[in-house]
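Asker: If it helps, the file is called coords.txt and holds compact mmCIF, C-alpha atoms:
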```
# COMPACT_ATOMS: atom_id res chain seq x y z
CA MET A 1044 -32.18 98.55 -67.99
CA LYS A 1045 -28.81 96.93 -67.34
CA PRO A 1046 -27.20 95.13 -70.33
CA SER A 1047 -27.01 91.34 -70.18
CA VAL A 1048 -23.40 91.29 -71.38
CA SER A 1049 -20.23 93.27 -70.81
CA VAL A 1050 -16.69 93.25 -72.17
CA ILE A 1051 -13.72 94.05 -69.94
CA GLY A 1052 -11.02 95.56 -72.11
CA GLY A 1053 -11.20 98.38 -74.64
CA GLY A 1054 -8.34 97.27 -76.87
CA SER A 1055 -8.57 95.99 -80.44
CA TRP A 1056 -10.09 92.58 -79.72
CA GLY A 1057 -12.27 93.64 -76.79
CA SER A 1058 -13.78 96.47 -78.83
CA THR A 1059 -14.30 94.13 -81.78
CA ILE A 1060 -16.13 91.57 -79.63
CA ALA A 1061 -18.35 94.31 -78.20
CA HIS A 1062 -19.02 95.57 -81.74
CA LEU A 1063 -19.99 92.10 -82.99
CA ILE A 1064 -22.32 91.56 -80.04
CA GLY A 1065 -23.86 94.97 -80.66
CA LEU A 1066 -24.39 94.19 -84.34
CA CYS A 1067 -26.51 91.24 -83.21
CA GLY A 1068 -28.80 93.70 -81.43
CA HIS A 1069 -27.63 93.14 -77.86
CA GLU A 1070 -26.93 96.03 -75.50
CA VAL A 1071 -23.33 95.72 -74.30
CA LEU A 1072 -21.19 97.51 -71.74
CA LEU A 1073 -17.53 98.01 -72.70
CA TRP A 1074 -15.17 98.70 -69.81
CA CYS A 1075 -12.14 100.88 -70.60
CA ARG A 1076 -9.32 101.98 -68.30
CA SER A 1077 -9.18 105.40 -69.93
CA ALA A 1078 -11.97 107.95 -69.48
CA GLU A 1079 -10.80 109.62 -72.68
CA LYS A 1080 -11.29 106.40 -74.65
CA ALA A 1081 -14.69 105.78 -73.06
CA ASP A 1082 -15.79 109.29 -74.03
CA GLU A 1083 -14.56 108.78 -77.60
CA ILE A 1084 -16.56 105.56 -77.91
CA ASN A 1085 -19.71 107.07 -76.42
CA VAL A 1086 -19.61 110.37 -78.32
CA GLN A 1087 -17.82 109.69 -81.61
CA ARG A 1088 -18.59 105.93 -81.81
CA THR A 1089 -14.93 105.20 -82.65
CA ASN A 1090 -11.86 103.63 -81.04
CA ALA A 1091 -9.38 105.23 -83.41
CA LYS A 1092 -6.20 103.90 -81.78
CA TYR A 1093 -7.17 100.29 -82.44
CA LEU A 1094 -9.96 100.25 -85.02
CA GLY A 1095 -9.35 103.35 -87.10
CA GLU A 1096 -12.46 105.03 -88.49
CA LEU A 1097 -14.81 102.10 -87.84
CA GLN A 1098 -18.19 103.28 -86.58
CA LEU A 1099 -18.93 101.12 -83.56
CA SER A 1100 -22.37 99.66 -82.94
CA PRO A 1101 -24.80 102.10 -81.29
CA HIS A 1102 -25.65 99.30 -78.85
CA ILE A 1103 -22.26 99.73 -77.12
CA ARG A 1104 -21.93 101.93 -74.07
CA ALA A 1105 -18.44 102.46 -72.67
CA THR A 1106 -17.72 102.89 -68.97
CA THR A 1107 -14.73 103.21 -66.66
CA ASP A 1108 -16.73 101.87 -63.70
CA LEU A 1109 -15.62 98.26 -63.23
CA SER A 1110 -18.37 97.57 -60.73
CA GLU A 1111 -21.03 98.68 -63.22
CA ALA A 1112 -19.50 96.42 -65.88
CA VAL A 1113 -19.40 93.33 -63.67
CA LYS A 1114 -21.97 93.36 -60.86
CA GLY A 1115 -25.19 91.66 -61.87
CA VAL A 1116 -24.20 91.26 -65.53
CA PRO A 1117 -25.00 87.66 -66.58
CA VAL A 1118 -22.18 87.28 -69.14
CA VAL A 1119 -18.80 88.99 -68.75
CA PHE A 1120 -16.10 88.75 -71.42
CA VAL A 1121 -12.56 89.37 -70.12
CA VAL A 1122 -10.33 90.59 -72.95
CA VAL A 1123 -7.09 92.02 -71.58
CA PRO A 1124 -3.42 91.15 -72.29
CA SER A 1125 -2.03 88.17 -70.38
CA LYS A 1126 0.39 90.40 -68.44
CA ALA A 1127 -2.58 92.28 -66.95
CA PHE A 1128 -4.90 89.30 -66.67
CA ARG A 1129 -4.36 88.27 -63.04
CA GLU A 1130 -4.60 91.88 -61.85
CA THR A 1131 -7.86 92.29 -63.75
CA ALA A 1132 -9.25 88.94 -62.57
CA ARG A 1133 -8.46 89.88 -58.98
CA ALA A 1134 -10.17 93.25 -59.43
CA ILE A 1135 -13.38 91.70 -60.73
CA GLY A 1136 -13.23 88.82 -58.25
CA ASP A 1137 -14.96 90.73 -55.45
CA LEU A 1138 -17.62 91.95 -57.88
CA CYS A 1139 -18.62 88.56 -59.29
CA SER A 1140 -21.29 86.12 -58.15
CA PRO A 1141 -21.27 82.33 -58.69
CA ASP A 1142 -24.21 82.40 -61.10
CA GLN A 1143 -22.40 84.53 -63.69
CA TYR A 1144 -20.66 83.37 -66.85
CA LEU A 1145 -17.05 84.48 -67.38
CA VAL A 1146 -15.60 84.13 -70.88
CA HIS A 1147 -12.04 85.15 -71.66
CA ALA A 1148 -10.54 85.80 -75.09
CA THR A 1149 -6.87 86.20 -74.16
CA LYS A 1150 -4.38 84.06 -76.07
CA GLY A 1151 -1.53 83.86 -73.61
CA LEU A 1152 0.10 82.10 -70.66
CA GLU A 1153 1.22 83.58 -67.36
CA PRO A 1154 5.01 83.67 -66.89
CA LYS A 1155 6.50 81.77 -63.93
CA SER A 1156 3.24 80.06 -62.93
CA HIS A 1157 2.58 78.76 -66.49
CA LYS A 1158 -1.14 79.19 -65.77
CA ARG A 1159 -3.74 79.46 -68.49
CA MET A 1160 -6.21 82.33 -68.27
CA SER A 1161 -9.12 80.07 -67.30
CA GLU A 1162 -7.06 78.76 -64.38
CA ILE A 1163 -6.42 82.32 -63.22
CA LEU A 1164 -10.15 83.09 -63.33
CA LEU A 1165 -10.80 80.02 -61.20
CA GLN A 1166 -8.18 81.14 -58.70
CA GLU A 1167 -9.18 84.79 -58.46
CA THR A 1168 -13.00 84.66 -58.66
CA CYS A 1169 -15.87 82.64 -57.22
CA VAL A 1170 -17.18 81.87 -60.73
CA ARG A 1171 -16.95 78.28 -61.96
CA GLN A 1172 -18.92 78.61 -65.20
CA ILE A 1173 -15.99 79.70 -67.35
CA GLY A 1174 -15.35 79.63 -71.08
CA VAL A 1175 -12.75 80.67 -73.64
CA LEU A 1176 -13.39 82.30 -77.01
CA SER A 1177 -10.71 81.53 -79.59
CA GLY A 1178 -10.24 80.97 -83.30
CA PRO A 1179 -9.00 82.50 -86.57
CA ASN A 1180 -10.33 85.97 -85.89
CA ILE A 1181 -8.42 88.91 -87.35
CA ALA A 1182 -10.14 92.00 -85.92
CA PRO A 1183 -9.87 94.31 -88.99
CA GLU A 1184 -11.50 91.70 -91.23
CA LEU A 1185 -14.38 91.14 -88.81
CA CYS A 1186 -14.90 94.88 -88.45
CA ALA A 1187 -15.04 95.11 -92.25
CA GLY A 1188 -17.92 92.64 -92.26
CA LYS A 1189 -15.97 89.71 -93.69
CA PRO A 1190 -17.11 86.21 -92.65
CA ALA A 1191 -15.33 84.15 -90.01
CA GLY A 1192 -15.77 81.36 -87.50
CA THR A 1193 -14.81 81.08 -83.86
CA VAL A 1194 -14.94 78.58 -81.00
CA ILE A 1195 -16.48 78.88 -77.56
CA ALA A 1196 -14.98 76.24 -75.29
CA SER A 1197 -16.53 75.40 -71.93
CA ARG A 1198 -17.46 72.44 -69.76
CA TYR A 1199 -20.85 74.10 -69.36
CA PRO A 1200 -23.13 73.62 -72.40
CA ARG A 1201 -25.48 76.42 -71.33
CA LEU A 1202 -22.60 78.89 -71.33
CA ALA A 1203 -21.58 77.81 -74.82
CA THR A 1204 -25.16 78.14 -76.06
CA LYS A 1205 -25.47 81.61 -74.55
CA VAL A 1206 -22.27 82.81 -76.24
CA GLN A 1207 -23.50 81.39 -79.54
CA GLU A 1208 -26.71 83.39 -79.12
CA LEU A 1209 -24.73 86.57 -78.44
CA LEU A 1210 -22.24 86.31 -81.31
CA ALA A 1211 -23.69 84.15 -84.09
CA SER A 1212 -24.66 86.17 -87.16
CA GLU A 1213 -24.56 86.21 -90.95
CA ILE A 1214 -20.80 86.87 -90.80
CA MET A 1215 -19.88 84.86 -87.69
CA ARG A 1216 -20.19 81.11 -87.14
CA VAL A 1217 -19.73 80.08 -83.50
CA TYR A 1218 -18.82 76.46 -82.76
CA ALA A 1219 -18.85 74.80 -79.32
CA ASN A 1220 -16.10 72.63 -77.82
CA ASP A 1221 -15.71 71.20 -74.33
CA ASP A 1222 -11.90 71.02 -74.48
CA VAL A 1223 -11.00 74.25 -72.70
CA LEU A 1224 -7.36 73.22 -72.29
CA GLY A 1225 -6.88 72.40 -75.96
CA VAL A 1226 -8.60 75.54 -77.23
CA GLU A 1227 -6.53 77.75 -74.92
CA LEU A 1228 -3.27 76.10 -75.93
CA GLY A 1229 -4.12 76.20 -79.63
CA GLY A 1230 -4.79 79.93 -79.46
CA THR A 1231 -1.67 80.63 -77.44
CA LEU A 1232 0.97 78.40 -79.02
CA LYS A 1233 0.11 79.33 -82.61
CA ASN A 1234 1.45 82.81 -81.88
CA ILE A 1235 4.92 81.31 -81.48
CA VAL A 1236 4.75 79.61 -84.87
CA ALA A 1237 3.54 82.88 -86.40
CA ILE A 1238 6.76 84.58 -85.31
CA GLY A 1239 8.68 81.90 -87.22
CA ALA A 1240 6.39 82.32 -90.23
CA GLY A 1241 7.04 86.05 -90.20
CA MET A 1242 10.78 85.43 -90.25
CA ALA A 1243 10.41 83.05 -93.19
CA ALA A 1244 8.20 85.52 -95.08
CA GLN A 1245 10.71 88.32 -94.65
CA MET A 1246 13.50 86.06 -95.90
CA GLU A 1247 11.30 85.22 -98.93
CA LEU A 1248 11.61 81.48 -98.40
CA GLY A 1249 8.43 80.73 -100.34
CA GLU A 1250 5.18 78.83 -99.90
CA ASN A 1251 6.85 75.43 -99.43
CA ALA A 1252 8.68 76.77 -96.39
CA LYS A 1253 5.47 78.29 -95.04
CA ALA A 1254 3.73 74.92 -95.34
CA LEU A 1255 6.65 73.24 -93.58
CA LEU A 1256 6.53 75.74 -90.72
CA ILE A 1257 2.76 75.54 -90.29
CA THR A 1258 2.57 71.75 -90.29
CA ARG A 1259 5.61 71.15 -88.10
CA GLY A 1260 4.39 73.93 -85.85
CA LEU A 1261 1.02 72.20 -85.56
CA SER A 1262 2.83 68.98 -84.70
CA GLU A 1263 4.67 70.68 -81.84
CA ILE A 1264 1.53 72.46 -80.60
CA SER A 1265 -0.29 69.12 -80.56
CA ARG A 1266 2.64 67.40 -78.85
CA VAL A 1267 2.65 69.90 -76.01
CA GLY A 1268 -1.14 69.97 -75.79
CA VAL A 1269 -1.60 66.20 -75.65
CA ALA A 1270 1.16 65.89 -73.05
CA LEU A 1271 -0.79 68.34 -70.88
CA GLY A 1272 -4.08 66.48 -71.37
CA ALA A 1273 -5.76 68.15 -74.36
CA ASN A 1274 -7.85 66.30 -76.94
CA PRO A 1275 -5.67 65.93 -80.07
CA MET A 1276 -8.71 66.47 -82.31
CA THR A 1277 -9.04 70.03 -81.03
CA PHE A 1278 -5.89 70.99 -82.93
CA ALA A 1279 -7.49 69.86 -86.20
CA GLY A 1280 -10.29 72.40 -85.78
CA LEU A 1281 -10.80 76.16 -85.95
CA ALA A 1282 -9.03 76.79 -82.65
CA GLY A 1283 -6.01 74.77 -83.83
CA ILE A 1284 -5.04 74.61 -87.49
CA GLY A 1285 -7.61 77.30 -88.38
CA ASP A 1286 -6.10 79.89 -86.08
CA LEU A 1287 -2.58 78.78 -87.00
CA ILE A 1288 -3.14 79.30 -90.74
CA VAL A 1289 -4.50 82.82 -90.45
CA THR A 1290 -1.91 83.97 -87.91
CA CYS A 1291 0.94 82.63 -90.03
CA SER A 1292 -0.40 84.26 -93.20
CA SER A 1293 -2.09 87.55 -92.39
CA PRO A 1294 -0.24 90.89 -92.53
CA PHE A 1295 -2.55 91.98 -89.70
CA SER A 1296 -1.00 89.40 -87.34
CA ARG A 1297 1.08 91.13 -84.67
CA ASN A 1298 3.25 88.08 -84.09
CA HIS A 1299 3.87 87.69 -87.82
CA ARG A 1300 5.04 91.31 -87.87
CA VAL A 1301 7.40 90.61 -84.97
CA GLY A 1302 8.98 87.77 -86.95
CA ARG A 1303 9.38 89.94 -90.04
CA ARG A 1304 11.14 92.66 -88.13
CA LEU A 1305 13.43 90.21 -86.36
CA ALA A 1306 14.49 88.93 -89.78
CA GLN A 1307 15.13 92.53 -90.83
CA GLY A 1308 17.63 92.77 -87.98
CA ASP A 1309 15.57 94.85 -85.55
CA LYS A 1310 16.06 94.30 -81.83
CA LEU A 1311 13.21 92.69 -79.90
CA GLU A 1312 12.98 95.57 -77.42
CA ALA A 1313 12.58 98.11 -80.22
CA ILE A 1314 9.95 95.97 -81.95
CA ILE A 1315 7.85 95.66 -78.80
CA GLU A 1316 8.15 99.38 -78.09
CA THR A 1317 6.97 100.45 -81.54
CA LEU A 1318 4.36 97.75 -82.23
CA GLY A 1319 1.65 99.65 -80.37
CA MET A 1320 -0.22 96.47 -79.39
CA VAL A 1321 0.63 93.33 -77.46
CA ALA A 1322 2.23 90.41 -79.34
CA GLU A 1323 1.45 87.51 -76.99
CA GLY A 1324 3.80 85.13 -78.82
CA VAL A 1325 6.90 86.77 -77.35
CA THR A 1326 6.03 85.88 -73.75
CA ALA A 1327 4.36 82.61 -74.76
CA THR A 1328 7.59 81.42 -76.38
CA ARG A 1329 9.48 81.46 -73.09
CA VAL A 1330 6.63 79.87 -71.12
CA ALA A 1331 6.05 77.14 -73.72
CA TRP A 1332 9.79 76.45 -73.96
CA GLU A 1333 9.94 75.99 -70.17
CA ILE A 1334 6.92 73.67 -70.25
CA ALA A 1335 8.41 71.60 -73.07
CA ARG A 1336 11.67 71.24 -71.15
CA GLU A 1337 9.81 70.12 -68.03
CA LEU A 1338 7.91 67.51 -70.06
CA ARG A 1339 11.06 66.50 -72.00
CA LEU A 1340 9.37 67.02 -75.35
CA GLU A 1341 11.12 67.42 -78.69
CA THR A 1342 10.20 70.86 -80.03
CA PRO A 1343 12.89 71.96 -82.51
CA LEU A 1344 10.82 74.79 -84.02
CA LEU A 1345 9.96 76.19 -80.60
CA ASP A 1346 13.60 75.84 -79.55
CA GLY A 1347 14.78 77.81 -82.58
CA ILE A 1348 12.32 80.66 -82.07
CA PHE A 1349 13.25 80.78 -78.38
CA ARG A 1350 16.92 81.15 -79.26
CA VAL A 1351 16.18 83.97 -81.70
CA LEU A 1352 14.06 85.86 -79.17
CA TYR A 1353 16.04 85.27 -75.99
CA GLU A 1354 19.56 84.22 -76.94
CA GLY A 1355 20.22 86.58 -79.84
CA MET A 1356 20.48 83.92 -82.56
CA HIS A 1357 20.04 85.27 -86.09
CA PRO A 1358 16.87 83.97 -87.80
CA GLN A 1359 18.91 82.67 -90.75
CA THR A 1360 21.09 80.62 -88.39
CA ALA A 1361 18.01 79.25 -86.62
CA LEU A 1362 16.59 78.16 -89.99
CA VAL A 1363 19.81 76.37 -90.96
CA GLU A 1364 19.89 74.52 -87.64
CA LEU A 1365 16.21 73.61 -87.95
CA MET A 1366 16.76 72.10 -91.40
CA ARG A 1367 19.60 70.00 -89.98
CA VAL A 1368 17.36 68.34 -87.38
CA ALA A 1369 16.94 64.66 -88.19
CA SER A 1370 13.56 63.97 -89.80
CA GLN A 1371 11.13 61.98 -87.68
CA GLN A 1372 7.77 60.38 -88.47
CA ASP A 1373 5.36 62.79 -90.16
CA ILE A 1374 2.53 61.91 -87.75
CA ASP A 1375 3.31 61.45 -84.05
CA GLN A 1376 1.96 58.18 -82.73
CA LEU A 1377 0.96 59.81 -79.45
CA LEU A 1378 -1.47 61.98 -81.44
CA ALA A 1379 -3.02 59.12 -83.40
CA ARG A 1380 -5.14 57.72 -80.64
```
Could you quickly redo this structure as structure tokens?

Answerer:
Amino acid sequence: MKPSVSVIGGGSWGSTIAHLIGLCGHEVLLWCRSAEKADEINVQRTNAKYLGELQLSPHIRATTDLSEAVKGVPVVFVVVPSKAFRETARAIGDLCSPDQYLVHATKGLEPKSHKRMSEILLQETCVRQIGVLSGPNIAPELCAGKPAGTVIASRYPRLATKVQELLASEIMRVYANDDVLGVELGGTLKNIVAIGAGMAAQMELGENAKALLITRGLSEISRVGVALGANPMTFAGLAGIGDLIVTCSSPFSRNHRVGRRLAQGDKLEAIIETLGMVAEGVTATRVAWEIARELRLETPLLDGIFRVLYEGMHPQTALVELMRVASQQDIDQLLAR
């Protein structure tokens, strides 16, 4: 009997989603690029590179056959890095049918086109019932059985209900939202702020500075989001401030680690090479900076992080310049609507 759900992507987050679905008793197919990784999952029940010694749910079956993982499967989660997203969407496009649900869990933006992942799915597949899964979800904590909440955003209530049925458990609360744009932007732009928070943590600037970064970062995320058409209330929820808090605080956050190492004086290229996993905030910083310039928005925090990443500015210098920016109103009027 064919499983009713599959996950495309055998990395840390894709494997975690498959594990959580399996823990709820659902049979799930997990597509991996590597036959070696698929064999490890099927035989040893581990994905050691990403999840250490965690014993994966016995309800997971790994495959390298993309057609098997997509054709006729009612719900397909797409969980690959943003740089590989269009290629993957194009590959599954010919295998999809209009009655399927596609749910992505990628927190990134496409360079040059500035497209969100849901927009790429709409371009590359015939599926219109699309959703995004996002929220404060650190994979190691979820795999350890610690409680969390997440958001499924879709314009299709039945899709949201189905995802809630697949993932909701004693350790996972799943909330619905119809603001796909806002949820995608919240999950993507918070990675940029997390890089700044990592810099501040490494420089031992304290909890006051962390609070300043998080709240001003949220203001800039909301400013960009509202300008693009998002609901400002989305950024006050799990997919906004919730995700921002955990990513700016957790030692498991890849983007936080990038910020720490930048403040240590490491070069960006070396950090990316040795990180072992994708830190979406690096690419998102450039894309968001370009969007903010096009919209003529004031984003001093984003500007500073951009200059550190792409213009070689020292984090300490960026902090000094940020503190010199003239203080504005605490709450933007365009958000209070």

Asker: Compare A:Gly1065, A:Ser1262, A:Ala1252, A:Ala1132 by their minimum atom-to-atom distance to Met1366 in chain A, counting only C-alpha atoms, and give me the closest one.

Answerer: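 Nearest to Met1366 in chain A: A:Ala1252.
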
Asker: I'd like the contact shell of Gly1241 in chain A - 10 Å cut-off, all atoms listed in the file, skipping same-chain residues fewer than 6 positions apart - returned as a ChimeraX atom specification.

Answerer: /A:1247,1253,1290-1294,1296-1306

Asker: Find the residue from A:Gly1355, A:Gly1347, A:Gly1272, A:Pro1101 that sits nearest to Arg1088 in chain A; use all atoms listed in the file when measuring.

Answerer: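 Distance minimum relative to Arg1088 in chain A lands on A:Pro1101.
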
Asker: Could you give me, as a list in words, the residues that sit within 12 Å of (17.8, 72.7, -87.6) in the file's coordinates, counting only C-alpha atoms?

Answerer: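 Checking each residue against the 12 Å limit leaves Thr1342, Pro1343, Leu1344, Leu1345, Asp1346, Gly1347, Ile1348, Arg1350, Pro1358, Gln1359, Thr1360, Ala1361, Leu1362, Val1363, Glu1364, Leu1365, Met1366, Arg1367, Val1368, Ala1369 and Ser1370 of chain A.
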
Asker: Rounded to one decimal place, report the CA of Glu1208 in chain A-CA of Trp1074 in chain A distance in Å.

Answerer: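 According to the coordinates, CA of Glu1208 in chain A and CA of Trp1074 in chain A are separated by 21.3 Å.
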
Asker: If I take CA of Gly1230 in chain A and CA of Gly1136 in chain A, how far is one from the other in Å, to one decimal?

Answerer: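 Between CA of Gly1230 in chain A and CA of Gly1136 in chain A the gap is 24.5 Å.
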
Asker: Which neighbours of Leu1109 in chain A fall inside 12 Å, counting all atoms listed in the file, when residues of the same chain fewer than 6 positions from it are skipped, and could you give them as a PyMOL selection string?

Answerer: chain A and resi 1049-1052+1072-1077+1115-1116+1119+1121+1131-1139

Asker: Which residues, protein or nucleic acid, reach to within 9 Å of (-13.6, 83.7, -62.5) in the file's coordinates when using only C-alpha atoms, and can you give that as a list of chain:residue names?

Answerer: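 Residues found, by chain and rising number: A:Ala1132, A:Arg1133, A:Ile1135, A:Gly1136, A:Cys1139, A:Pro1141, A:Gln1143, A:Tyr1144, A:Leu1145, A:Val1146, A:Ser1161, A:Glu1162, A:Ile1163, A:Leu1164, A:Leu1165, A:Gln1166, A:Glu1167, A:Thr1168, A:Cys1169, A:Val1170, A:Arg1171, A:Gln1172, A:Ile1173.
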
Asker: Work out how far apart CA of Leu1255 in chain A and CA of Ile1288 in chain A are and give it in Å to one decimal.

Answerer: 11.9 Å

Asker: Excluding Ala1191 in chain A and any residue of its chain fewer than 2 positions from it, enumerate the residues within 10 Å of it, using all atoms listed in the file, and give them as a count of residues only.

Answerer: 15

Asker: Output range 1215-1241 of chain A from the block with C-alpha atoms, as a PDB file, in the first residue's frame?

Answerer:
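Everything below was put into out-v6.pdb:
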```
ATOM      1  CA  MET A1215       3.652  19.327  18.439  1.00  0.00           C
ATOM      2  CA  ARG A1216       0.945  21.980  18.187  1.00  0.00           C
ATOM      3  CA  VAL A1217       0.056  22.888  14.592  1.00  0.00           C
ATOM      4  CA  TYR A1218      -1.686  26.208  13.957  1.00  0.00           C
ATOM      5  CA  ALA A1219      -3.312  27.297  10.679  1.00  0.00           C
ATOM      6  CA  ASN A1220      -2.860  30.647   8.923  1.00  0.00           C
ATOM      7  CA  ASP A1221      -4.033  31.826   5.506  1.00  0.00           C
ATOM      8  CA  ASP A1222      -1.248  34.413   5.090  1.00  0.00           C
ATOM      9  CA  VAL A1223       1.213  32.416   2.982  1.00  0.00           C
ATOM     10  CA  LEU A1224       3.229  35.518   2.091  1.00  0.00           C
ATOM     11  CA  GLY A1225       3.651  36.633   5.697  1.00  0.00           C
ATOM     12  CA  VAL A1226       4.557  33.186   7.001  1.00  0.00           C
ATOM     13  CA  GLU A1227       7.159  32.691   4.272  1.00  0.00           C
ATOM     14  CA  LEU A1228       8.725  36.096   4.874  1.00  0.00           C
ATOM     15  CA  GLY A1229       8.732  35.655   8.648  1.00  0.00           C
ATOM     16  CA  GLY A1230      10.578  32.357   8.338  1.00  0.00           C
ATOM     17  CA  THR A1231      13.057  33.718   5.825  1.00  0.00           C
ATOM     18  CA  LEU A1232      13.882  37.189   7.128  1.00  0.00           C
ATOM     19  CA  LYS A1233      14.392  36.104  10.742  1.00  0.00           C
ATOM     20  CA  ASN A1234      17.509  34.251   9.594  1.00  0.00           C
ATOM     21  CA  ILE A1235      19.095  37.603   8.767  1.00  0.00           C
ATOM     22  CA  VAL A1236      18.424  38.966  12.246  1.00  0.00           C
ATOM     23  CA  ALA A1237      19.836  35.750  13.725  1.00  0.00           C
ATOM     24  CA  ILE A1238      23.175  36.453  12.054  1.00  0.00           C
ATOM     25  CA  GLY A1239      23.220  39.827  13.810  1.00  0.00           C
ATOM     26  CA  ALA A1240      22.237  38.190  17.103  1.00  0.00           C
ATOM     27  CA  GLY A1241      25.102  35.738  16.734  1.00  0.00           C
TER      28      GLY A1241
END
```
